[in-house]
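Q: Before I ask anything, here is the structure I am working with.
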Amino acid sequence: MTAMRRLRRPLSVLLLAAVVAGSCSFETKDFDDLFGEDFSIDALETAQSSRVFDRNGVLITELRGEQNRTDINFDEIPEVLYNAVVAIEDERFWDHSGVDLKAILRAARSNVSAGGISQGGSTITQQYVGNVFLDRSDQSGSRKVEEIFMARRFEQRYTKEFILERYLNWVFFGRGAHGVEAAARTYFGPPDCSRQQLFSDSDDRDCLKVSELTLVEAATIAGLIQAPSRFNPFNDYDAARDRRDLVLLRMYANEYITEEEYDAALIEPIDLVEDIPILEEQYPAAHFVEDVKQWFLDNPTFGATRDDRIRLLFEGGLDIHTTIDLSLQAEAEEGVERILPQVAADGSLNPDAAAIIMGTTPDANGHILAMVGGRDFFGDDDDAKFNLSSGSGRQAGSSMKPIGLAAALQIGIPITRVYDATSPIEIENRAVCGPKWRVRGGTAGDSTIADATKWSRNTVFAQLMVDINPSRFVEMAEALGIGEGRIQPVCAAILGTENVNMVEMATVFSTFSRQGIRVDPVMVTEIINNDGTTLYQHTPESSTVLNSTVAAQLTWALSRVMSGTGHRAALDDRPAAGKTGTAQNNADATFVGFTPQRTTAVWVGYPDEQIPMRTQFNGGKVEGGTFPALIWHELMTEAMAGFPVEEFPTPPPSSTTTTLPEIPEEATVPNLIGRALDDALRLELEEGFWIIEAVEIETRDHEPGTIFNQVPAAESIVPGGSTITVEIAIEPEILPVPSVIGLTEAEAKQVITSAGFGVAVELIENPAVTDNPHPVGIVWSQDPPAETEGEGVLTVTITVNPEPPPTTTTTTTTVPEDGDG
């Protein structure tokens with residue numbers, strides 16, 4: 001038996017040599033047979049990760065499929081790395097013609113001695129063509145011969161450098177990394193590398209590129225090729241180090257490194273990046289990136305089917321250039337946290353916030369520059385990944401009033417028109433607003449539309465809605481930037497009872513900023529294919545919604561808000577304009593405003609449900625003029641840094657001329673807290689040249705008839721003749737729950753919200769109705785029942801027949817505007 005084994009070994013070697021020598025005459029497929037006469041290696045596509053960049057070219061993140069790969073050119077691969085790979089995988093690579101006969105014979109001897117396959121003997125060229133062009137599952141001898149033949153032909157067609165480039169971009173290194181660029185980042189690039197200067201010309205090793213690999217790192221990567229799992233340093237550090245040392249020995253033996261370099265490298269440890277699973281990787285502006293991905297996947301421009309678009313996005317090697325500014329994004333997130341930290345001083349959880357900063361200058365027109373979609377996209381909360389700035393939205397409250405003002409000005413209603421501002425007021429116009437509509441939130445006496453805008457007087461805007469008609473309001477809302485079908489043509493819509501998101505609101509107010517010119521929001525400016533050609537290029541488009549006169553009047557009215565309900569948002573060094581918004585029960589609060597260069601929209605509330613925010617602002621209610629205004633001020637202060645001061649268009653001339661007595665340059669604001677605004681106090685203030693603006697607020701926290709808040713604060717030094725805004729407590733009017741059974745859903749909402757209650761809608765088929773089809777959209781049940789005392793009731797739940805076929809129960813909530821403090 002021993003003699004026979006000795007005889008078999010040389011016979012096996014000779015037989016293998018004969019097969020190799022005769023391989024050229026073996027019947028095999030050529031490249032032309034496989035791919036046609038016009039075959040080009042460049043036509044072979046490999047899955048590559050796509051990259052998302054911010055507006056300044058900073059990499060945000062990579063979008064990967066199953067393979068994490070970024071192809072690079074040969075001249076970008078460091079010599080130390082390809083020398084390491086050649087030394088361990090194919091040391092005669094530069095000399096052979098695709099097949100290394102010595103390596104094959106050596107492998108054959110080793111395999112016979114081991115009684116099985118222990119060495120492969122394949123060259124780099126064979127590894128590449130055998131895996132890319134042939135069936136990997138076929139382990140037959142004929143397949144091996146075909147691999148040898150194709151390797152020889154491949155080297156006849158292409159240079160050694162080209163073959164090595166293709167191989168090093170293709171080969172698998174474990175941990176999902178295909179190619180040396182991905183491998184360098186996977187094992188040695190810090191986690192924050194992807195959002196710094198990965199593709200810049202920086203030499204900073206805090207953001208490693210493959211071109212910056214050290215000898216030890218290159219040897220470690222090269223050692224992975226034979227068995228990526230077994231030699232993975234994250235899995236088995238000792239095995240990886242032993243394999244690295246073998247690579248270093250082969251590099252020394254082949255004179256790629258000196259003895260001194262070899263000895264020094266042997267004692268160095270393998271310093272790895274922190275091992276973070278792909279599903280746990282974090283990157284900035286994550287809510288924005290998610291919206292970019294959905295925009296791409298919903299766009300048929302990028303593929304006939306969604307599967308096609310998914311494949312292109314995650315495997316197409318695209319460079320996606322976006323509008324986001326990571327520096328401003330970070331400032332926006334920090335600004336929100338400064339004003340509204342997650343945990344309040346008393347240990348309770350503060351509400352959440354969402355914000356959009358949009359450009360209105362020619363270089364950033366419509367560009368979303370920052371998007372705060374919530375506190376932490378990567379947090380543990382169930383709703384962490386839901387985008388509060390661009391999702392289904394919430395009630396914007398009085399921030400919707402400028403839409404009604406725009407519609408009124410457009411049809412010729414003057415901004416100086418006077419309405420009865422008394423609160424409450426009942427509007428009986430069934431043709432326009434349905435059943436009797438009761439509205440609260442005003443002041444004693446009359447008010448112009450301009451003053452009603454400044455002080456957010458609901459009763460004036462309710463009457464204005466009757467004059468312009470809800471259908472015209474909806475048309476204007478959609479023309480300015482609210483999504484089609486989002487606003488129902490009901491009178492209460494002008495008070496902000498319909499759900500909108502901050503992207504929509506920023507679009508509306510940016511139209512005001514451009515003096516009536518609408519530009520739709522932009523997230524992506526350009527997408528480049530992996531071959532350098534352009535896949536997508538954004539083309540700016542605009543449309544005129546308001547004429548310049550209307551836009552100038554509207555801007556003037558909104559600029560006055562900054563010394564009214566929005567005084568906390570006022571910028572220190574430049575003019576601005578905006579509008580506060582607060583939902584009934586203080587469950588949602590907004591501030592949206594602009595300068596000539598930037599527009600910002602801010603929402604504050606609890607994401608899970610509409611929870612009243614009655615004590616969160618220094619023990620008081622959260623309104624549009626509190627947290628949202630303060631956040632807006634923080635964000636716009638950062639957004640406007642470096643911009644020159646620009647004035648708004650000249651406001652319309654005053655309709656009256658008044659001669660004033662000589663007023664002092666400065667005065668100290670008196671303390672009015674706790675006093676009643678009676679004739680004696682009015683006379684006292686008048687003698688001091690103070691202008692008084694009173695806002696009545698329904699509250700049980702203060703004695704009715706007394707002033708409980710004032711702006712400016714007592715003892716402040718202000719210019720003489722300034723306005724003091726006071727909030728006067730009035731007893732809340734508690735109405736019984738109204739009857740809404742038999743009304744449409746929209747009519748029922750208006751009746752309930754006008755009575756001061758929130759609305760929850762359940763879509764359930766009425767089991768008592770046998771008609772087919774059921775009356776769709778009609779209220780058939782309510783809870784609490786009609787005439788229930790309103791004390792303690794926050795929300796009335798109405799049950800409405802859904803559209804057929806019946807669906808599972810869903811619940812939405814609608815709450816009316818209650819004015820801003």
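Ligands are numbered from 1 in the order shown, chains are lettered A, B, ... in the order of the structure tokens, and residues start at 1 in each chain.
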Can you tell me which residues surround Cys433 in chain A at a distance of at most 10 Å, considering only C-alpha atoms, apart from same-chain residues fewer than 2 positions away, and format the answer as a PyMOL selection string?
A: chain A and resi 427-431+435-437+462+465-466+469-470+489-492+747+750-751
Q: Any idea what's packed within 9 Å of Thr507 in chain A, counting only C-alpha atoms, ignoring anything in its chain fewer than 3 positions away? Could you give it as a VMD selection string?
A: chain A and resid 358 366 480 to 482 502 to 504 510 to 512 518 to 521 599
Q: Can you list, as a PyMOL selection string, every protein, DNA or RNA residue that comes within 9 Å of Leu677 in chain A when you count only C-alpha atoms, leaving out same-chain residues fewer than 3 positions away?
A: chain A and resi 672+680-682+694+705-707+728
Q: Please list as a VMD selection string every residue within 12 Å of range 541-552 of chain A, counting only C-alpha atoms and excluding residues in the same chain fewer than 4 positions away.
A: chain A and resid 360 362 365 to 366 402 to 403 405 to 415 475 to 481 507 to 522 556 to 559 577 596 647 to 653
Q: Any idea what the distance is between CA of Ile357 in chain A and CA of Val474 in chain A?
A: 24.5 Å
Q: Find the residues near Arg457 in chain A: any atom within 12 Å, counting only C-alpha atoms, skip ones fewer than 6 places away on the same chain, and give them as a CSV table (one decimal) with all heavy atoms, in the first residue's frame.
A:
```
chain,number,residue,atom,x,y,z
A,397,GLY,N,-53.0,75.6,14.2
A,397,GLY,CA,-53.6,76.7,14.9
A,397,GLY,C,-53.7,78.0,14.1
A,397,GLY,O,-53.9,78.0,12.8
A,398,SER,N,-53.4,79.1,14.7
A,398,SER,CA,-53.5,80.4,14.1
A,398,SER,C,-52.5,80.7,13.0
A,398,SER,O,-52.5,81.7,12.3
A,398,SER,CB,-53.5,81.5,15.1
A,398,SER,OG,-54.7,81.5,15.9
A,399,SER,N,-51.5,79.8,12.9
A,399,SER,CA,-50.5,79.9,11.8
A,399,SER,C,-51.2,79.8,10.4
A,399,SER,O,-50.6,80.1,9.4
A,399,SER,CB,-49.4,78.8,12.0
A,399,SER,OG,-48.6,79.1,13.1
A,401,LYS,N,-54.0,81.4,9.7
A,401,LYS,CA,-54.7,82.6,9.4
A,401,LYS,C,-54.1,83.4,8.3
A,401,LYS,O,-54.9,84.0,7.5
A,401,LYS,CB,-54.7,83.5,10.7
A,401,LYS,CG,-55.7,82.9,11.8
A,401,LYS,CD,-55.6,83.8,13.1
A,401,LYS,CE,-56.5,83.2,14.1
A,401,LYS,NZ,-56.4,83.9,15.4
A,419,TYR,N,-63.7,94.8,11.9
A,419,TYR,CA,-64.7,93.8,12.3
A,419,TYR,C,-64.9,94.0,13.8
A,419,TYR,O,-64.1,94.5,14.5
A,419,TYR,CB,-64.2,92.4,12.0
A,419,TYR,CG,-64.2,92.0,10.5
A,419,TYR,CD1,-63.1,92.2,9.8
A,419,TYR,CD2,-65.3,91.5,9.9
A,419,TYR,CE1,-63.0,91.8,8.4
A,419,TYR,CE2,-65.3,91.1,8.6
A,419,TYR,CZ,-64.1,91.3,7.9
A,419,TYR,OH,-64.1,90.9,6.5
A,420,ASP,N,-66.1,93.4,14.2
A,420,ASP,CA,-66.4,93.3,15.6
A,420,ASP,C,-65.5,92.2,16.2
A,420,ASP,O,-65.5,91.1,15.8
A,420,ASP,CB,-67.8,93.0,15.8
A,420,ASP,CG,-68.2,92.8,17.3
A,420,ASP,OD1,-67.4,93.1,18.2
A,420,ASP,OD2,-69.4,92.4,17.6
A,421,ALA,N,-64.6,92.6,17.2
A,421,ALA,CA,-63.7,91.6,17.7
A,421,ALA,C,-64.2,91.0,19.1
A,421,ALA,O,-63.4,90.3,19.7
A,421,ALA,CB,-62.3,92.3,17.9
A,422,THR,N,-65.4,91.3,19.4
A,422,THR,CA,-65.9,90.8,20.7
A,422,THR,C,-65.8,89.3,20.8
A,422,THR,O,-66.0,88.6,19.8
A,422,THR,CB,-67.4,91.3,20.9
A,422,THR,OG1,-67.5,92.7,20.7
A,422,THR,CG2,-68.0,90.9,22.2
A,423,SER,N,-65.6,88.8,22.0
A,423,SER,CA,-65.5,87.4,22.2
A,423,SER,C,-66.4,87.0,23.4
A,423,SER,O,-66.4,87.7,24.4
A,423,SER,CB,-64.1,87.0,22.6
A,423,SER,OG,-64.0,85.6,22.9
A,424,PRO,N,-67.2,86.0,23.3
A,424,PRO,CA,-67.4,85.1,22.1
A,424,PRO,C,-68.3,85.8,21.1
A,424,PRO,O,-69.0,86.7,21.4
A,424,PRO,CB,-68.0,83.8,22.7
A,424,PRO,CG,-68.8,84.3,23.9
A,424,PRO,CD,-68.0,85.4,24.4
A,425,ILE,N,-68.3,85.2,19.9
A,425,ILE,CA,-69.2,85.7,18.8
A,425,ILE,C,-69.9,84.5,18.2
A,425,ILE,O,-69.3,83.4,18.1
A,425,ILE,CB,-68.4,86.5,17.8
A,425,ILE,CG1,-69.4,87.2,16.9
A,425,ILE,CG2,-67.5,85.6,17.0
A,425,ILE,CD1,-68.7,88.2,15.9
A,439,VAL,N,-67.5,81.2,18.3
A,439,VAL,CA,-66.0,81.4,18.2
A,439,VAL,C,-65.6,82.3,19.4
A,439,VAL,O,-66.3,83.3,19.7
A,439,VAL,CB,-65.6,82.1,16.9
A,439,VAL,CG1,-64.1,82.3,16.9
A,439,VAL,CG2,-66.1,81.2,15.7
A,440,ARG,N,-64.5,81.9,20.0
A,440,ARG,CA,-64.0,82.7,21.1
A,440,ARG,C,-62.5,83.1,20.8
A,440,ARG,O,-61.9,82.5,20.0
A,440,ARG,CB,-64.0,81.8,22.4
A,440,ARG,CG,-65.4,81.5,22.9
A,440,ARG,CD,-65.3,80.5,24.1
A,440,ARG,NE,-64.8,79.2,23.7
A,440,ARG,CZ,-64.5,78.3,24.5
A,440,ARG,NH1,-64.6,78.4,25.8
A,440,ARG,NH2,-64.0,77.1,24.0
A,441,GLY,N,-62.1,84.1,21.5
A,441,GLY,CA,-60.7,84.6,21.3
A,441,GLY,C,-60.7,85.9,20.5
A,441,GLY,O,-60.6,86.0,19.3
A,442,GLY,N,-60.9,87.0,21.3
A,442,GLY,CA,-60.9,88.4,20.7
A,442,GLY,C,-60.6,89.4,21.7
A,442,GLY,O,-59.8,89.2,22.6
A,443,THR,N,-61.3,90.5,21.6
A,443,THR,CA,-61.0,91.6,22.5
A,443,THR,C,-62.3,92.5,22.6
A,443,THR,O,-63.2,92.3,21.7
A,443,THR,CB,-59.8,92.5,22.1
A,443,THR,OG1,-59.5,93.4,23.2
A,443,THR,CG2,-60.1,93.2,20.8
A,444,ALA,N,-62.3,93.4,23.5
A,444,ALA,CA,-63.5,94.3,23.5
A,444,ALA,C,-63.5,95.3,22.4
A,444,ALA,O,-62.4,95.8,22.0
A,444,ALA,CB,-63.5,95.1,24.9
A,445,GLY,N,-64.6,95.5,21.7
A,445,GLY,CA,-64.7,96.5,20.7
A,445,GLY,C,-64.3,96.0,19.3
A,445,GLY,O,-64.4,94.8,19.0
A,446,ASP,N,-63.9,96.9,18.4
A,446,ASP,CA,-63.6,96.6,17.0
A,446,ASP,C,-62.1,96.4,16.8
A,446,ASP,O,-61.3,96.8,17.7
A,446,ASP,CB,-64.1,97.7,16.1
A,446,ASP,CG,-65.7,97.8,16.2
A,446,ASP,OD1,-66.3,96.8,16.5
A,446,ASP,OD2,-66.2,98.9,15.8
A,447,SER,N,-61.8,95.8,15.7
A,447,SER,CA,-60.4,95.6,15.3
A,447,SER,C,-60.2,95.5,13.8
A,447,SER,O,-61.1,95.0,13.1
A,447,SER,CB,-59.9,94.3,15.9
A,447,SER,OG,-58.6,93.9,15.5
A,448,THR,N,-59.2,96.1,13.3
A,448,THR,CA,-58.8,96.0,11.9
A,448,THR,C,-58.3,94.6,11.7
A,448,THR,O,-57.8,93.9,12.6
A,448,THR,CB,-57.8,97.0,11.5
A,448,THR,OG1,-56.6,96.7,12.2
A,448,THR,CG2,-58.3,98.4,11.7
A,449,ILE,N,-58.2,94.2,10.5
A,449,ILE,CA,-57.6,92.9,10.1
A,449,ILE,C,-56.1,92.9,10.5
A,449,ILE,O,-55.6,91.9,11.0
A,449,ILE,CB,-57.8,92.5,8.6
A,449,ILE,CG1,-59.3,92.4,8.3
A,449,ILE,CG2,-57.0,91.3,8.3
A,449,ILE,CD1,-59.5,92.2,6.8
A,450,ALA,N,-55.5,94.0,10.3
A,450,ALA,CA,-54.0,94.1,10.6
A,450,ALA,C,-53.8,93.9,12.1
A,450,ALA,O,-52.9,93.1,12.5
A,450,ALA,CB,-53.5,95.5,10.2
A,451,ASP,N,-54.6,94.5,13.0
A,451,ASP,CA,-54.4,94.3,14.4
A,451,ASP,C,-54.8,92.9,14.8
A,451,ASP,O,-54.2,92.3,15.7
A,451,ASP,CB,-55.2,95.4,15.2
A,451,ASP,CG,-54.6,96.7,15.2
A,451,ASP,OD1,-53.3,96.8,14.9
A,451,ASP,OD2,-55.2,97.7,15.5
A,463,GLN,N,-65.1,85.8,11.0
A,463,GLN,CA,-65.9,86.7,10.1
A,463,GLN,C,-65.3,86.8,8.7
A,463,GLN,O,-66.0,86.9,7.7
A,463,GLN,CB,-66.2,88.0,10.8
A,463,GLN,CG,-67.0,87.9,12.1
A,463,GLN,CD,-66.9,89.3,12.8
A,463,GLN,OE1,-67.7,90.2,12.5
A,463,GLN,NE2,-66.1,89.4,13.8
A,464,LEU,N,-64.0,86.9,8.7
A,464,LEU,CA,-63.3,87.1,7.5
A,464,LEU,C,-63.5,85.8,6.6
A,464,LEU,O,-63.6,85.9,5.4
A,464,LEU,CB,-61.8,87.3,7.7
A,464,LEU,CG,-60.9,87.5,6.5
A,464,LEU,CD1,-61.3,88.8,5.7
A,464,LEU,CD2,-59.4,87.6,6.8
A,494,ILE,N,-59.7,78.1,9.0
A,494,ILE,CA,-58.9,79.3,9.1
A,494,ILE,C,-58.3,79.5,10.5
A,494,ILE,O,-57.3,80.2,10.7
A,494,ILE,CB,-59.7,80.6,8.8
A,494,ILE,CG1,-58.8,81.7,8.4
A,494,ILE,CG2,-60.7,80.9,9.9
A,494,ILE,CD1,-59.6,82.9,7.8
A,495,LEU,N,-58.9,78.7,11.5
A,495,LEU,CA,-58.4,78.8,12.8
A,495,LEU,C,-57.4,77.6,13.1
A,495,LEU,O,-57.0,77.4,14.2
A,495,LEU,CB,-59.5,78.7,13.9
A,495,LEU,CG,-60.5,79.9,13.7
A,495,LEU,CD1,-61.6,79.8,14.8
A,495,LEU,CD2,-59.8,81.2,13.7
A,561,VAL,N,-46.5,91.0,13.9
A,561,VAL,CA,-46.7,89.9,14.9
A,561,VAL,C,-45.5,89.8,15.8
A,561,VAL,O,-45.6,89.4,17.0
A,561,VAL,CB,-47.0,88.6,14.2
A,561,VAL,CG1,-47.0,87.4,15.2
A,561,VAL,CG2,-48.3,88.7,13.4
A,564,GLY,N,-46.1,91.5,18.7
A,564,GLY,CA,-47.4,91.1,19.3
A,564,GLY,C,-47.3,89.7,20.0
A,564,GLY,O,-46.4,89.5,20.8
A,565,THR,N,-48.1,88.7,19.5
A,565,THR,CA,-48.1,87.4,20.1
A,565,THR,C,-46.7,86.7,19.8
A,565,THR,O,-46.4,85.8,20.6
A,565,THR,CB,-49.2,86.5,19.5
A,565,THR,OG1,-49.1,86.4,18.1
A,565,THR,CG2,-50.6,87.1,19.9
A,580,THR,N,-47.9,83.0,15.1
A,580,THR,CA,-48.0,82.0,16.1
A,580,THR,C,-49.2,81.2,15.8
A,580,THR,O,-50.1,81.6,15.1
A,580,THR,CB,-48.2,82.7,17.5
A,580,THR,OG1,-49.3,83.6,17.4
A,580,THR,CG2,-47.0,83.4,18.0
A,581,GLY,N,-49.3,80.0,16.5
A,581,GLY,CA,-50.4,79.1,16.3
A,581,GLY,C,-50.5,78.2,17.5
A,581,GLY,O,-49.6,77.6,18.0
A,694,ALA,N,-54.9,94.9,25.2
A,694,ALA,CA,-55.5,93.9,26.1
A,694,ALA,C,-55.9,92.6,25.4
A,694,ALA,O,-56.6,92.7,24.4
A,694,ALA,CB,-56.6,94.5,26.9
A,695,VAL,N,-55.5,91.5,25.9
A,695,VAL,CA,-56.0,90.2,25.3
A,695,VAL,C,-56.6,89.4,26.5
A,695,VAL,O,-56.0,89.2,27.5
A,695,VAL,CB,-54.8,89.4,24.8
A,695,VAL,CG1,-55.2,88.1,24.2
A,695,VAL,CG2,-54.0,90.2,23.7
A,696,GLU,N,-57.9,89.0,26.2
A,696,GLU,CA,-58.6,88.3,27.3
A,696,GLU,C,-58.3,86.8,27.1
A,696,GLU,O,-58.4,86.2,26.0
A,696,GLU,CB,-60.1,88.5,27.1
A,696,GLU,CG,-60.5,89.9,27.5
A,696,GLU,CD,-62.0,90.2,27.4
A,696,GLU,OE1,-62.7,89.4,26.7
A,696,GLU,OE2,-62.5,91.1,28.0
A,697,ILE,N,-57.9,86.1,28.2
A,697,ILE,CA,-57.5,84.7,28.2
A,697,ILE,C,-58.4,84.0,29.2
A,697,ILE,O,-58.5,84.3,30.3
A,697,ILE,CB,-56.1,84.5,28.6
A,697,ILE,CG1,-55.1,85.3,27.6
A,697,ILE,CG2,-55.7,83.0,28.6
A,697,ILE,CD1,-55.2,84.8,26.2
A,817,GLU,N,-58.6,76.1,17.3
A,817,GLU,CA,-57.7,77.1,17.8
A,817,GLU,C,-58.3,77.9,18.9
A,817,GLU,O,-59.5,78.1,18.9
A,817,GLU,CB,-57.4,78.0,16.6
A,817,GLU,CG,-56.9,79.4,16.9
A,817,GLU,CD,-55.5,79.3,17.5
A,817,GLU,OE1,-54.9,78.3,17.3
A,817,GLU,OE2,-55.1,80.3,18.1
A,818,ASP,N,-57.5,78.3,19.9
A,818,ASP,CA,-58.0,79.0,21.0
A,818,ASP,C,-57.4,80.3,21.2
A,818,ASP,O,-57.3,80.9,22.3
A,818,ASP,CB,-57.9,78.1,22.3
A,818,ASP,CG,-58.6,78.7,23.5
A,818,ASP,OD1,-59.6,79.3,23.3
A,818,ASP,OD2,-58.1,78.5,24.6
A,819,GLY,N,-56.7,80.8,20.2
A,819,GLY,CA,-56.0,82.1,20.3
A,819,GLY,C,-54.6,81.9,20.9
A,819,GLY,O,-54.3,80.9,21.5
A,820,ASP,N,-53.8,82.9,20.7
A,820,ASP,CA,-52.4,82.8,21.3
A,820,ASP,C,-52.2,83.9,22.3
A,820,ASP,O,-52.6,85.0,22.2
A,820,ASP,CB,-51.4,83.0,20.1
A,820,ASP,CG,-51.6,82.0,19.1
A,820,ASP,OD1,-51.3,80.8,19.3
A,820,ASP,OD2,-52.0,82.3,18.0
A,821,GLY,N,-51.4,83.4,23.3
A,821,GLY,CA,-51.1,84.4,24.4
A,821,GLY,C,-49.9,85.1,24.2
A,821,GLY,O,-49.1,84.8,23.3
```
Q: Pick out each residue of range 525-608 of chain A that DSSP on the backbone tags as alpha helix (DSSP H); I need them as an MDAnalysis selection string.
A: chainID A and resid 548:560
Q: Include N, CA and C atoms and write out the residues we just selected as a PDB file, in the first residue's frame.
A:
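Result written to selection_12.pdb:
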```
ATOM      1  N   SER A 548     -47.460  91.416  -6.104  1.00  0.00           N
ATOM      2  CA  SER A 548     -46.477  92.031  -5.214  1.00  0.00           C
ATOM      3  C   SER A 548     -47.116  92.939  -4.170  1.00  0.00           C
ATOM      4  N   THR A 549     -48.209  93.613  -4.524  1.00  0.00           N
ATOM      5  CA  THR A 549     -48.879  94.501  -3.564  1.00  0.00           C
ATOM      6  C   THR A 549     -49.483  93.703  -2.420  1.00  0.00           C
ATOM      7  N   VAL A 550     -50.169  92.626  -2.761  1.00  0.00           N
ATOM      8  CA  VAL A 550     -50.752  91.759  -1.729  1.00  0.00           C
ATOM      9  C   VAL A 550     -49.653  91.174  -0.851  1.00  0.00           C
ATOM     10  N   ALA A 551     -48.576  90.711  -1.471  1.00  0.00           N
ATOM     11  CA  ALA A 551     -47.488  90.103  -0.712  1.00  0.00           C
ATOM     12  C   ALA A 551     -46.848  91.107   0.236  1.00  0.00           C
ATOM     13  N   ALA A 552     -46.691  92.364  -0.218  1.00  0.00           N
ATOM     14  CA  ALA A 552     -46.090  93.393   0.632  1.00  0.00           C
ATOM     15  C   ALA A 552     -46.990  93.708   1.825  1.00  0.00           C
ATOM     16  N   GLN A 553     -48.302  93.793   1.599  1.00  0.00           N
ATOM     17  CA  GLN A 553     -49.232  94.049   2.703  1.00  0.00           C
ATOM     18  C   GLN A 553     -49.230  92.890   3.700  1.00  0.00           C
ATOM     19  N   LEU A 554     -49.221  91.684   3.171  1.00  0.00           N
ATOM     20  CA  LEU A 554     -49.229  90.508   4.026  1.00  0.00           C
ATOM     21  C   LEU A 554     -47.961  90.453   4.876  1.00  0.00           C
ATOM     22  N   THR A 555     -46.812  90.701   4.246  1.00  0.00           N
ATOM     23  CA  THR A 555     -45.544  90.688   4.976  1.00  0.00           C
ATOM     24  C   THR A 555     -45.534  91.753   6.067  1.00  0.00           C
ATOM     25  N   TRP A 556     -46.057  92.924   5.731  1.00  0.00           N
ATOM     26  CA  TRP A 556     -46.131  94.013   6.726  1.00  0.00           C
ATOM     27  C   TRP A 556     -46.974  93.585   7.933  1.00  0.00           C
ATOM     28  N   ALA A 557     -48.111  92.970   7.669  1.00  0.00           N
ATOM     29  CA  ALA A 557     -48.988  92.531   8.764  1.00  0.00           C
ATOM     30  C   ALA A 557     -48.294  91.482   9.631  1.00  0.00           C
ATOM     31  N   LEU A 558     -47.583  90.537   8.992  1.00  0.00           N
ATOM     32  CA  LEU A 558     -46.910  89.478   9.746  1.00  0.00           C
ATOM     33  C   LEU A 558     -45.673  90.000  10.477  1.00  0.00           C
ATOM     34  N   SER A 559     -45.067  91.065   9.973  1.00  0.00           N
ATOM     35  CA  SER A 559     -43.915  91.639  10.681  1.00  0.00           C
ATOM     36  C   SER A 559     -44.349  92.270  12.000  1.00  0.00           C
ATOM     37  N   ARG A 560     -45.599  92.740  12.065  1.00  0.00           N
ATOM     38  CA  ARG A 560     -46.119  93.333  13.296  1.00  0.00           C
ATOM     39  C   ARG A 560     -46.368  92.273  14.375  1.00  0.00           C
TER      40      ARG A 560
END
```
Q: I'd like the contact shell of Gln488 in chain A - 10 Å cut-off, only C-alpha atoms, skipping same-chain residues fewer than 5 positions apart - returned as a list in words.
A: Pro470, Ser471, Phe473, Val474, Ala493, Thr497, Glu498, Asn499 and Ala746 of chain A
Q: Between CA of Asp679 in chain A and CA of Gly566 in chain A, what distance in Å does the model show, to one decimal?
A: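 A separation of 27.9 Å between them.
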Q: I'd like the contact shell of Thr699 in chain A - 9 Å cut-off, only C-alpha atoms, skipping same-chain residues fewer than 3 positions apart - returned as a list of chain:residue names.
A: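 That gives A:His702, A:Glu703, A:Pro704, A:Ala729, A:Ile730, A:Glu731, A:Pro732.
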Q: Run DSSP on the backbone of this structure and report the residues of range 152-401 of chain A it assigns to strand (DSSP E), as a ChimeraX atom specification.
A: /A:319-322,352-359,368-372,394-395
Q: Looking at A:Leu297, A:Ala286, A:Ile72, A:Leu630, which one is nearest to Arg309 in chain A, with distances taken over only C-alpha atoms?
A: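 Looking at the shortest contact to Arg309 in chain A, the residue is A:Leu297.
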Q: For CA of Thr795 in chain A and CA of Val604 in chain A, quote the distance in Å rounded to one decimal.
A: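 A separation of 20.2 Å between them.
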